[in-house]
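J.: Dropping in protein38.cif, which is mmCIF, C-alpha atoms:
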data_input
loop_
_atom_site.label_atom_id
_atom_site.label_comp_id
_atom_site.auth_asym_id
_atom_site.auth_seq_id
_atom_site.Cartn_x
_atom_site.Cartn_y
_atom_site.Cartn_z
CA MET A 1 0.00 0.00 0.00
CA PHE A 2 2.87 2.40 0.75
CA PHE A 3 4.08 2.39 -2.85
CA LEU A 4 0.72 3.83 -3.85
CA ILE A 5 1.19 6.97 -1.71
CA PRO A 6 2.61 9.78 -3.84
CA TYR A 7 5.98 10.80 -2.46
CA THR A 8 9.06 12.28 -4.14
CA ARG A 9 12.49 12.95 -2.69
CA PHE A 10 15.34 14.60 -4.59
CA THR A 11 18.33 16.89 -4.16
CA LEU A 12 19.13 20.09 -6.03
CA LYS A 13 22.54 21.73 -6.07
CA THR A 14 23.28 25.39 -6.61
CA TYR A 15 26.43 27.52 -6.57
CA LEU A 16 24.69 30.00 -4.27
CA ASN A 17 25.51 29.84 -0.57
CA ALA A 18 22.77 28.54 1.73
CA GLN A 19 21.74 32.00 2.98
CA GLU A 20 21.38 33.35 -0.57
CA ALA A 21 19.43 30.28 -1.71
CA GLU A 22 17.13 30.64 1.31
CA ARG A 23 16.70 34.37 0.66
CA ARG A 24 15.76 33.76 -3.00
CA LEU A 25 13.12 31.23 -2.02
CA ALA A 26 11.80 33.49 0.76
CA GLU A 27 11.39 36.34 -1.76
CA ARG A 28 9.22 34.08 -3.94
CA THR A 29 7.14 32.77 -1.04
CA ARG A 30 4.28 34.51 0.75
CA ALA A 31 2.59 33.56 4.01
CA ARG A 32 -0.12 30.91 3.84
CA ARG A 33 -3.68 32.18 3.62
CA TRP A 34 -6.52 30.04 4.85
CA LEU A 35 -9.04 31.69 2.58
CA ARG A 36 -8.02 32.64 -0.92
CA SER A 37 -10.04 33.69 -3.92
CA PHE A 38 -9.79 31.10 -6.66
CA LEU A 39 -10.91 33.66 -9.21
CA SER A 40 -7.77 35.77 -8.89
CA LYS A 41 -4.62 34.92 -10.79
CA PRO A 42 -1.54 33.99 -8.73
CA ASP A 43 1.31 36.51 -8.69
CA PRO A 44 4.10 35.08 -10.89
CA SER A 45 6.73 36.76 -8.71
CA GLN A 46 5.50 34.72 -5.71
CA PRO A 47 4.56 31.23 -6.92
CA PHE A 48 4.75 29.63 -3.46
CA GLU A 49 3.11 30.04 -0.08
CA GLY A 50 4.38 28.78 3.23
CA VAL A 51 7.32 29.24 5.59
CA VAL A 52 11.02 29.65 4.75
CA GLU A 53 13.26 30.14 7.79
CA ASN A 54 16.24 28.76 9.70
CA GLY A 55 17.59 26.76 6.77
CA ARG A 56 14.30 24.91 6.23
CA PHE A 57 11.12 25.41 4.26
CA ASN A 58 7.57 24.06 4.16
CA ILE A 59 5.79 25.43 1.09
CA ASN A 60 3.35 24.62 -1.68
CA ARG A 61 2.65 26.10 -5.09
CA ILE A 62 -0.13 28.66 -5.40
CA ILE A 63 -2.66 27.53 -7.99
CA ASN A 64 -5.94 29.11 -9.09
CA TYR A 65 -7.82 25.81 -9.28
CA ARG A 66 -8.62 22.99 -6.87
CA ASN A 67 -6.28 20.01 -6.60
CA SER A 68 -6.40 18.05 -3.37
CA PHE A 69 -3.26 16.22 -4.42
CA LEU A 70 -1.10 19.36 -4.57
CA PRO A 71 2.30 18.43 -3.09
CA ILE A 72 3.54 19.89 0.17
CA ILE A 73 7.21 20.73 -0.40
CA VAL A 74 9.50 20.31 2.60
CA GLY A 75 13.25 20.87 2.44
CA GLN A 76 16.54 21.88 4.01
CA PHE A 77 19.59 23.82 2.86
CA HIS A 78 23.05 22.31 3.45
CA ASP A 79 26.32 24.13 2.78
CA ASP A 80 28.89 21.99 0.99
CA LEU A 81 32.25 22.92 -0.47
CA GLY A 82 31.52 25.58 -3.08
CA PHE A 83 27.81 24.89 -3.44
CA THR A 84 24.58 24.40 -1.53
CA ARG A 85 22.77 21.08 -1.47
CA ILE A 86 19.00 21.43 -1.11
CA GLU A 87 17.22 18.25 0.01
CA ILE A 88 13.56 18.32 -0.99
CA THR A 89 10.65 16.04 -0.18
CA MET A 90 7.26 16.35 -1.85
CA ARG A 91 4.34 14.61 -0.20
CA LEU A 92 0.58 14.80 0.12
CA HIS A 93 -1.09 16.79 2.86
CA TYR A 94 -1.69 14.59 5.92
CA PHE A 95 -5.46 15.17 5.83
CA VAL A 96 -5.59 14.01 2.20
CA MET A 97 -3.61 10.86 3.05
CA ALA A 98 -5.94 10.13 5.98
CA PHE A 99 -9.04 10.65 3.82
CA MET A 100 -7.61 8.38 1.10
CA GLY A 101 -6.84 5.66 3.65
CA ILE A 102 -10.28 5.82 5.25
CA TRP A 103 -12.01 5.86 1.86
CA PHE A 104 -9.93 2.98 0.50
CA PHE A 105 -10.31 0.77 3.57
CA ALA A 106 -14.05 1.50 3.71
CA PHE A 107 -14.50 0.80 0.00
CA CYS A 108 -12.69 -2.56 -0.08
CA PRO A 109 -14.92 -4.35 2.49
CA VAL A 110 -18.05 -3.03 0.77
CA GLY A 111 -16.68 -4.33 -2.51
CA PHE A 112 -15.99 -7.70 -0.92
CA MET A 113 -19.59 -7.90 0.37
CA PHE A 114 -20.88 -7.26 -3.15
CA PHE A 115 -18.50 -9.91 -4.46
CA VAL A 116 -19.88 -12.49 -2.01
CA SER A 117 -23.51 -11.66 -2.86
CA ASP A 118 -25.12 -13.03 -6.01
CA ASP A 119 -26.62 -9.73 -7.23
CA MET A 120 -24.05 -9.27 -9.96
CA GLY A 121 -21.99 -11.72 -11.95
CA ARG A 122 -18.62 -12.28 -10.32
CA GLY A 123 -16.62 -11.66 -13.49
CA GLU A 124 -18.22 -8.31 -14.20
CA PHE A 125 -17.90 -7.28 -10.59
CA ILE A 126 -14.19 -8.11 -10.40
CA ILE A 127 -13.51 -6.07 -13.54
CA LEU A 128 -15.60 -3.16 -12.26
CA PHE A 129 -14.17 -3.26 -8.73
CA PHE A 130 -10.51 -3.49 -9.69
CA GLY A 131 -11.00 -1.10 -12.59
CA PHE A 132 -12.39 1.51 -10.19
CA ILE A 133 -9.50 1.02 -7.74
CA LEU A 134 -6.93 1.28 -10.54
CA PHE A 135 -8.60 4.43 -11.87
CA PHE A 136 -8.57 5.96 -8.37
CA ILE A 137 -4.86 5.18 -7.93
CA PHE A 138 -4.00 6.44 -11.43
CA MET A 139 -5.90 9.70 -10.82
CA ILE A 140 -4.03 10.33 -7.56
CA LEU A 141 -0.59 9.54 -9.01
CA ALA A 142 -1.18 11.50 -12.22
CA THR A 143 -2.40 14.69 -10.55
CA PHE A 144 0.29 14.56 -7.85
CA ASN A 145 3.11 13.97 -10.35
CA TYR A 146 1.81 16.71 -12.66
CA GLU A 147 1.93 19.25 -9.83
CA ALA A 148 5.23 17.89 -8.46
CA ASN A 149 6.93 18.31 -11.85
CA LYS A 150 5.67 21.90 -12.15
CA ALA A 151 6.90 22.69 -8.63
CA ARG A 152 10.31 21.14 -9.33
CA ARG A 153 10.75 23.22 -12.50
CA THR A 154 9.78 26.37 -10.60
CA LEU A 155 12.24 25.59 -7.79
CA GLU A 156 15.01 24.98 -10.33
CA GLU A 157 14.28 28.42 -11.82
CA VAL A 158 14.49 30.05 -8.37
CA TRP A 159 18.04 28.78 -7.78
CA GLU A 160 19.31 28.91 -11.37
CA THR A 161 22.58 30.82 -11.69
CA PRO A 162 24.87 31.33 -14.66
CA VAL A 163 28.02 29.25 -14.40
CA SER A 164 31.23 30.66 -15.83
CA LEU A 165 33.97 28.19 -16.61
#
Just give me the structure of the file as structure tokens.
T.:
Amino acid sequence: MFFLIPYTRFTLKTYLNAQEAERRLAERTRARRWLRSFLSKPDPSQPFEGVVENGRFNINRIINYRNSFLPIIVGQFHDDLGFTRIEITMRLHYFVMAFMGIWFFAFCPVGFMFFVSDDMGRGEFIILFFGFILFFIFMILATFNYEANKARRTLEEVWETPVSL
């Protein structure tokens, strides 16, 4: 079951020092708002909302549509020799994971009860039941990965610096 939970971990490297990398992300991040108008366009100069402080961050992208599977982006800055290593983890919000778990574990026993009953042919039911579960999993993974890829590209743009050889 754990392989079905969307989760991404990666490391970015930049030639900026850790304080500069943190400052650049903080400039492009605004405080979280609990109520936001979905009719207004997000500010392209601040694509993230959340907290960036003390060498850590907990942010998410600002979007003008609903996506429950929007990744929460958690990371740390680490100074290395001549560059900064930024360790990033993208995961689902804990409430979304809890809802998915409750829904999935409530749906499977109900499906099993229908399978045991003789109301529907067993072959059609198995196809329908597993098809619905596969569709649910595909929808979660596709929407999470779509948003995670957009967030990764935006983060790479934040820390992009010209390299002179």
J.: Written as a ChimeraX atom specification, what is the full residue list that the PyMOL selection byres ((chain A and resi 151) around 12) yields on the file shown?
T.: /A:8,47-49,59-63,70-74,88-91,144-150,152-158
J.: Which value, in Å to one decimal, gives the distance between atom CA of A:Arg56 and atom CA of A:Leu141?
T.: 26.3 Å
J.: Hey, can you check how far atom CA of A:Ala26 sits from atom CA of A:Leu12?
T.: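 Taking atom CA of A:Ala26 as the start and atom CA of A:Leu12 as the end point, the length is 16.7 Å.
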J.: Work out how far apart atom CA of A:Thr29 and atom CA of A:Asn54 are and give it in Å to one decimal.
T.: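 Answer for the atom CA of A:Thr29 to atom CA of A:Asn54 separation: 14.6 Å.
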J.: For each of A:Val51, A:His93, A:Gln46, A:Thr143, take the minimum atom-to-atom distance to A:Asn67, counting all atoms listed in the file, then give the residue where this is smallest.
T.: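 Closest to A:Asn67 of all the choices is A:Thr143.
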J.: Where does the PyMOL selection byres ((chain A and resi 96-106) around 10) land in this file, that is, which residues does it pick, as a PyMOL selection string?
T.: chain A and resi 1+5-6+68-70+91-95+107-111+133+136-137+140
J.: Running the PyMOL selection byres ((chain A and resi 21) around 10) on this model by hand, what would come out? Give it as a ChimeraX atom specification.
T.: /A:14-20,22-26,55,77,84-86,158-160
